[in-house]
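Each remark here refers to the structure printed beneath this line.
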Amino acid sequence: MAKELTSRNENYSQWYNDIVVKADLAEQSAVRGCMVIKPYGYAIWEKMQSLLDAEFKKSGVQNAYFPLFIPKSFFSREAEHVEGFAKECAVVTHHRLMNDPEGKGVVVDPDAKLEEELIVRPTSETIIWSVYKNWIKSWRDLPILCNQWCNVVRWEMRTRPFLRTAEFLWQEGHTAHATSEEAQAKAEEMVHVYADFARNAMAMPVVVGHKSPNERFAGALDTLTIEAMMQDGKALQAGTSHFLGQNFAKSFDVKYTDNEGKEQYVWATSWGVSTRLMGALIMAHSDDNGLVLPPVLAPIQVVMVPIYKTAEERSAVLDKFEDIRKELEALGISCKIDSRDTLRPGFKFAEWELKGVPVRIAMGARDLANGTVEVARRDTLSKETLSVEGIGAHIKDLLSEIQENIYNIALERRDSRVRKCDSWEEFKTEIQKGGFLLCHWDGTAETEQKIKDETKATIRCIPVDSFVCEEKGFDIYSGKPSERRVIFAISY
RNA sequence: CGAGAUGUAGCGCAGUUGGUAGCGCACUACGUUCGGGACGUAGGGGUCGCGUGUUCAAGUCACGUCAUCUCGACCA
C-alpha cells in the first residue's frame, strides 16, 4: 500500500486532518462543526487532564461543576463579555417536542416556549459569579479556587478538528481573591502551570506573554497566554489566564467584608486550556508517517510486535513478551502486545507509527535464538538490536531520551523561525513566510489593527519569559517610539 | 455570510459528444505467506448529495438546495 499521508508541503490542513483521522483520534460527527473523539484520542486527553489536575491541586484548586445552561439575563450583565460572545451562542428556546400533526416526524411544541431563553455556555464566568455571590461574605471566605472540566459551545463560522470545533472540552478555573495583587499573582501562576505542562508533558515549546488589549478576553484587564508555533510556521494560542479585575464582581455584586469591617468587591481570575491542546500536539510533532506522541502523554508507550512463521514460534515470542511486559509495567511503563495473528508485522509497524507510539519492540525467531529484541523509536525512526537482559531499564531511559529529543526538535524548529524585523516593507513579505517576527510596536490599538488589516498578522503576545527584548526602537508601521519588541505572527 | 472548488461503494478516484455503473485499496471465503503496509483464486457491496426540470433516455445538461474543503469575516 502506498503511503497514506499527503506531504505537508502540498496542503498542511489536509495533512493534519489525515493524521487526525488515520491515527484514529477523531472523526467528523453528524452535527455541523462538532467531532467525535475516538477512544485513542480521548485516552490522550485523559492523560492531559490527569496531569493538569495534579498541578491544579498543588495550587490549592478544587474541581466543581456548574450548569450547562445560562439564563439569558445572567449572561448580559457584563457588557464587554456579552459583546465578545454574543455572535456565537447556541440558544435554547423550547423544552418539548411533539408529533408533527401532519405526520412527518417530530416538531418543536410551540406551547413549550421558555419564558426566558437559556444560553448553552460558551464559557462559565457569568453563571459561576452568580453562584460565588452566595459563597462570599467575609474576607475569611477568600480565596475561592475552583476549576471545572466540561464542554462548552461556541457557534463558530469556520471549524477545524481539535483547533476550533463548535463544541469542545476544556477546563476553566475561576478564582476570587481579596486583593488585586493576589489575583494577578494567581493568573501568573496558572499561565506558568500551562507553560510547564506544554514543555514537559507535550514537549512543545511555548512563549509566555501578555496579550495586547485588542486580543484580550472579553471582560479581562489582562490576558496572559502561552503561544506555540506549528510546523507550518503559524502561531497557535494554546492556553490563557486572565486577570478579570473587579468587572465580574461588580456586575454580579460579589462583595466581602474585610477585616476592618468595610465592604469590598472581590478580584477575579479565570484560566483555561481546551482540546485545542490535542490539535497543538498533533501539529507540533507529526511527520509524514503520522502522529508522534511524547512518551509522557502516549496512552501506549511501548508496543510489542511478534514475528513468527509457526504457532510454536508465535507462542514462544508471546511468552517472552509477557515477561517483558511485566518488567516494563513494574517500571510504570504502559505497553501493549500486538498479538493479532491476521496481520503481517510490516503492517503493524506502519499502523503503530501512524498512532505515534514512542517505542516499538519486535521479536522473531532470530531474536529468540540470540536472546535479543529489535527496539525502534518513533521520533527518529531508527532501530537497534538489544539484549533482552536489562531491557526494562533501557526502555525507561529511552523514553526519557525520546521525550527530550522531541522537545529539542520542536524547539529548534521554532527558534529557527523567530527573527527580528525592523522594516515595514520587509515585514510584509517576511510575515507571509511564517514564524514569529520580533518587532517594535507603539502600543496603540490603531497600529495593531492596521497591521492586521494589511497583513493578517496579529500580536501574539508581549513576551515575558523568552524573546524578551526591552530595547528602545521605533514602531515598524507608524515609526513612533517603542520600549520593547513584541511577537507578530499569522495565527490559527 | 461573501469568493472559489468538490460531492459517484467504507476510503481514494475514473466515468468521453446524454444510452441501464467502473478502477485501486478496504471487506468476505479458501490457499500460499509472515524480519517494513503480502500474493493468488472466487465473491459481496452504489436509488451517482438531495430536489425539480429538459429528454424516448440524465452520473453526464439547466435551475434550485444541502454538505464538505480552501480563502476572507469570527474565534480557544
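Within each chain, counting starts at residue 1; across the C-alpha cells, chains are named A, B, ... in the order shown, with ligands numbered 1 upward in that order.
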
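Taking only C-alpha atoms (C1' of nucleotides), the non-local environment of region 408-411 of chain A within 10 Å (same-chain residues fewer than 6 positions away omitted) comprises Arg199, Ala203, Met204, Pro205, Val206, Met229, Met230, Gln231, Ala284, His285, Asp379 and Ile402 of chain A.
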
Residues flagged alpha helix (DSSP H) by DSSP in region 83-192 of chain A, as an NGL selection string:
:A and (83-85 or 125-135 or 180-192)

Output for the residues just chosen: C-alpha atoms as a PDB file, in the first residue's frame:
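Ended up saving to part_19.pdb:
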ATOM      1  CA  GLU A  83     -20.232  41.616  23.210  1.00  0.00           C
ATOM      2  CA  GLY A  84     -17.383  39.156  22.947  1.00  0.00           C
ATOM      3  CA  PHE A  85     -19.568  36.076  22.820  1.00  0.00           C
ATOM      4  CA  GLU A 125     -17.939  33.242  34.116  1.00  0.00           C
ATOM      5  CA  THR A 126     -21.484  34.524  34.385  1.00  0.00           C
ATOM      6  CA  ILE A 127     -23.113  31.529  35.994  1.00  0.00           C
ATOM      7  CA  ILE A 128     -20.162  30.959  38.293  1.00  0.00           C
ATOM      8  CA  TRP A 129     -20.138  34.545  39.507  1.00  0.00           C
ATOM      9  CA  SER A 130     -23.850  34.404  40.155  1.00  0.00           C
ATOM     10  CA  VAL A 131     -23.096  31.436  42.434  1.00  0.00           C
ATOM     11  CA  TYR A 132     -19.973  32.950  44.033  1.00  0.00           C
ATOM     12  CA  LYS A 133     -22.144  35.839  45.195  1.00  0.00           C
ATOM     13  CA  ASN A 134     -23.736  33.456  47.696  1.00  0.00           C
ATOM     14  CA  TRP A 135     -20.479  31.876  48.735  1.00  0.00           C
ATOM     15  CA  SER A 180      -5.733  42.758  43.144  1.00  0.00           C
ATOM     16  CA  GLU A 181      -2.150  41.652  43.790  1.00  0.00           C
ATOM     17  CA  GLU A 182      -3.235  38.208  44.907  1.00  0.00           C
ATOM     18  CA  ALA A 183      -5.464  37.748  41.850  1.00  0.00           C
ATOM     19  CA  GLN A 184      -2.765  38.901  39.469  1.00  0.00           C
ATOM     20  CA  ALA A 185      -0.291  36.541  41.085  1.00  0.00           C
ATOM     21  CA  LYS A 186      -2.760  33.683  40.609  1.00  0.00           C
ATOM     22  CA  ALA A 187      -3.224  34.487  36.937  1.00  0.00           C
ATOM     23  CA  GLU A 188       0.546  34.456  36.516  1.00  0.00           C
ATOM     24  CA  GLU A 189       0.923  31.253  38.475  1.00  0.00           C
ATOM     25  CA  MET A 190      -1.600  29.449  36.306  1.00  0.00           C
ATOM     26  CA  VAL A 191      -0.137  30.546  32.997  1.00  0.00           C
ATOM     27  CA  HIS A 192       3.135  29.086  34.165  1.00  0.00           C
TER      28      HIS A 192
END

For chain B, which residues have at least one atom within 6 Å of chain A, if we go by only C-alpha atoms (C1' of nucleotides)? Write them as a PDB file with N, CA and C atoms (P, O5', C5', C4', C3', O3' and C1' of nucleotides), in the first residue's frame, please.
ATOM      1  P     C B  34       7.317 -16.636   4.693  1.00  0.00           P
ATOM      2  O5'   C B  34       6.898 -15.353   5.535  1.00  0.00           O
ATOM      3  C5'   C B  34       6.895 -14.062   4.917  1.00  0.00           C
ATOM      4  C4'   C B  34       6.206 -13.080   5.840  1.00  0.00           C
ATOM      5  C3'   C B  34       6.915 -12.896   7.170  1.00  0.00           C
ATOM      6  O3'   C B  34       6.798 -11.557   7.605  1.00  0.00           O
ATOM      7  C1'   C B  34       4.731 -13.674   7.543  1.00  0.00           C
ATOM      8  P     G B  36      11.089  -6.639   6.668  1.00  0.00           P
ATOM      9  O5'   G B  36       9.762  -6.068   7.401  1.00  0.00           O
ATOM     10  C5'   G B  36       8.488  -6.242   6.782  1.00  0.00           C
ATOM     11  C4'   G B  36       7.978  -4.918   6.238  1.00  0.00           C
ATOM     12  C3'   G B  36       8.796  -4.314   5.107  1.00  0.00           C
ATOM     13  O3'   G B  36       7.946  -3.587   4.239  1.00  0.00           O
ATOM     14  C1'   G B  36       8.764  -2.831   6.902  1.00  0.00           C
ATOM     15  P     G B  37       6.881  -4.436   3.335  1.00  0.00           P
ATOM     16  O5'   G B  37       5.605  -4.289   4.240  1.00  0.00           O
ATOM     17  C5'   G B  37       5.046  -3.005   4.467  1.00  0.00           C
ATOM     18  C4'   G B  37       3.617  -3.196   4.877  1.00  0.00           C
ATOM     19  C3'   G B  37       2.698  -3.603   3.721  1.00  0.00           C
ATOM     20  O3'   G B  37       1.706  -4.427   4.282  1.00  0.00           O
ATOM     21  C1'   G B  37       1.964  -1.575   4.678  1.00  0.00           C
TER      22        G B  37
END

Can you list, as a ChimeraX atom specification, every residue of region 112-142 of chain A that DSSP puts in strand (DSSP E)?
/A:113-120

Would you mind exporting the chosen residues as a short mmCIF file (atom, residue, chain, number, x, y, z; two decimals), in the first residue's frame, restricted to C-alpha atoms?
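Okay, this is what ended up in result.cif:
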data_model
loop_
_atom_site.label_atom_id
_atom_site.label_comp_id
_atom_site.auth_asym_id
_atom_site.auth_seq_id
_atom_site.Cartn_x
_atom_site.Cartn_y
_atom_site.Cartn_z
CA LYS A 113 -41.63 28.02 24.70
CA LEU A 114 -39.39 29.03 27.60
CA GLU A 115 -40.20 32.24 29.36
CA GLU A 116 -36.53 33.09 29.44
CA GLU A 117 -34.17 31.62 26.86
CA LEU A 118 -31.18 29.60 28.05
CA ILE A 119 -27.74 30.06 26.57
CA VAL A 120 -25.57 26.99 26.18
#

When you look at region 459-471 of chain A with a cut-off of 6 Å (counting only C-alpha atoms (C1' of nucleotides)), what residues show up, excluding the ones that are within fewer than 6 positions of it in the same chain? I need them as a VMD selection string.
chain A and resid 208 to 211 483 to 488

Next, dump the selected residues to file, keeping only C-alpha atoms, as a PDB file, in the first residue's frame.
ATOM      1  CA  VAL A 208       4.514  33.151  27.857  1.00  0.00           C
ATOM      2  CA  GLY A 209       3.354  36.705  27.421  1.00  0.00           C
ATOM      3  CA  HIS A 210       0.637  39.338  27.749  1.00  0.00           C
ATOM      4  CA  LYS A 211      -1.986  39.774  25.073  1.00  0.00           C
ATOM      5  CA  GLU A 483      10.089  50.475  24.506  1.00  0.00           C
ATOM      6  CA  ARG A 484      10.186  46.822  23.525  1.00  0.00           C
ATOM      7  CA  ARG A 485       9.651  44.291  20.790  1.00  0.00           C
ATOM      8  CA  VAL A 486       6.523  42.122  20.619  1.00  0.00           C
ATOM      9  CA  ILE A 487       5.795  38.926  18.702  1.00  0.00           C
ATOM     10  CA  PHE A 488       3.877  39.191  15.457  1.00  0.00           C
TER      11      PHE A 488
END

Near-region 39-51 of chain B list (7 Å; only C-alpha atoms (C1' of nucleotides); drop same-chain fewer than 3 positions) as a PyMOL selection string:
chain B and resi 7-9+28+59+66

Would you write out those residues with N, CA and C atoms (P, O5', C5', C4', C3', O3' and C1' of nucleotides), as a compact mmCIF listing (two decimals), in the first residue's frame?
# COMPACT_ATOMS: atom_id res chain seq x y z
P G B 7 -16.50 16.02 -7.94
O5' G B 7 -16.85 15.34 -6.58
C5' G B 7 -18.13 14.86 -6.36
C4' G B 7 -18.32 14.55 -4.89
C3' G B 7 -19.54 13.69 -4.67
O3' G B 7 -19.44 12.98 -3.45
C1' G B 7 -19.93 15.87 -3.83
P U B 8 -18.86 11.50 -3.48
O5' U B 8 -19.53 10.85 -4.77
C5' U B 8 -20.85 10.34 -4.72
C4' U B 8 -21.02 9.20 -5.69
C3' U B 8 -20.07 8.02 -5.48
O3' U B 8 -20.50 7.17 -4.44
C1' U B 8 -20.06 8.60 -7.75
P A B 9 -19.42 6.52 -3.48
O5' A B 9 -19.78 4.97 -3.45
C5' A B 9 -20.92 4.52 -2.74
C4' A B 9 -20.58 3.24 -2.01
C3' A B 9 -19.29 3.30 -1.19
O3' A B 9 -19.42 2.50 -0.03
C1' A B 9 -19.10 1.62 -2.81
P U B 28 -13.08 -9.31 6.62
O5' U B 28 -13.99 -10.30 5.77
C5' U B 28 -15.37 -10.45 6.07
C4' U B 28 -15.98 -11.47 5.14
C3' U B 28 -15.16 -12.75 4.96
O3' U B 28 -15.39 -13.66 6.02
C1' U B 28 -15.84 -11.95 2.85
P G B 59 -28.62 8.83 -14.22
O5' G B 59 -27.28 9.20 -13.45
C5' G B 59 -27.30 10.09 -12.34
C4' G B 59 -25.95 10.75 -12.18
C3' G B 59 -25.62 11.80 -13.23
O3' G B 59 -26.11 13.07 -12.84
C1' G B 59 -23.81 10.29 -13.02
P C B 66 -29.65 25.78 1.40
O5' C B 66 -28.97 24.42 1.87
C5' C B 66 -29.70 23.49 2.66
C4' C B 66 -29.00 22.17 2.68
C3' C B 66 -27.54 22.20 3.09
O3' C B 66 -27.38 22.27 4.49
C1' C B 66 -27.76 20.85 1.18

If you count only C-alpha atoms (C1' of nucleotides), which residues fall within 10 Å of C61 (chain B), apart from same-chain ones fewer than 6 positions away, as number ranges by chain?
B: 18, 54-55

Could you save those same residues with C-alpha atoms (C1' of nucleotides) as a short mmCIF file (atom, residue, chain, number, x, y, z; two decimals), in the first residue's frame?
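Contents of the output file selection32.cif:
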data_model
loop_
_atom_site.label_atom_id
_atom_site.label_comp_id
_atom_site.auth_asym_id
_atom_site.auth_seq_id
_atom_site.Cartn_x
_atom_site.Cartn_y
_atom_site.Cartn_z
"C1'" G B 18 -26.54 12.07 -22.61
"C1'" U B 54 -35.28 19.33 -20.25
"C1'" U B 55 -35.27 14.46 -22.95
#
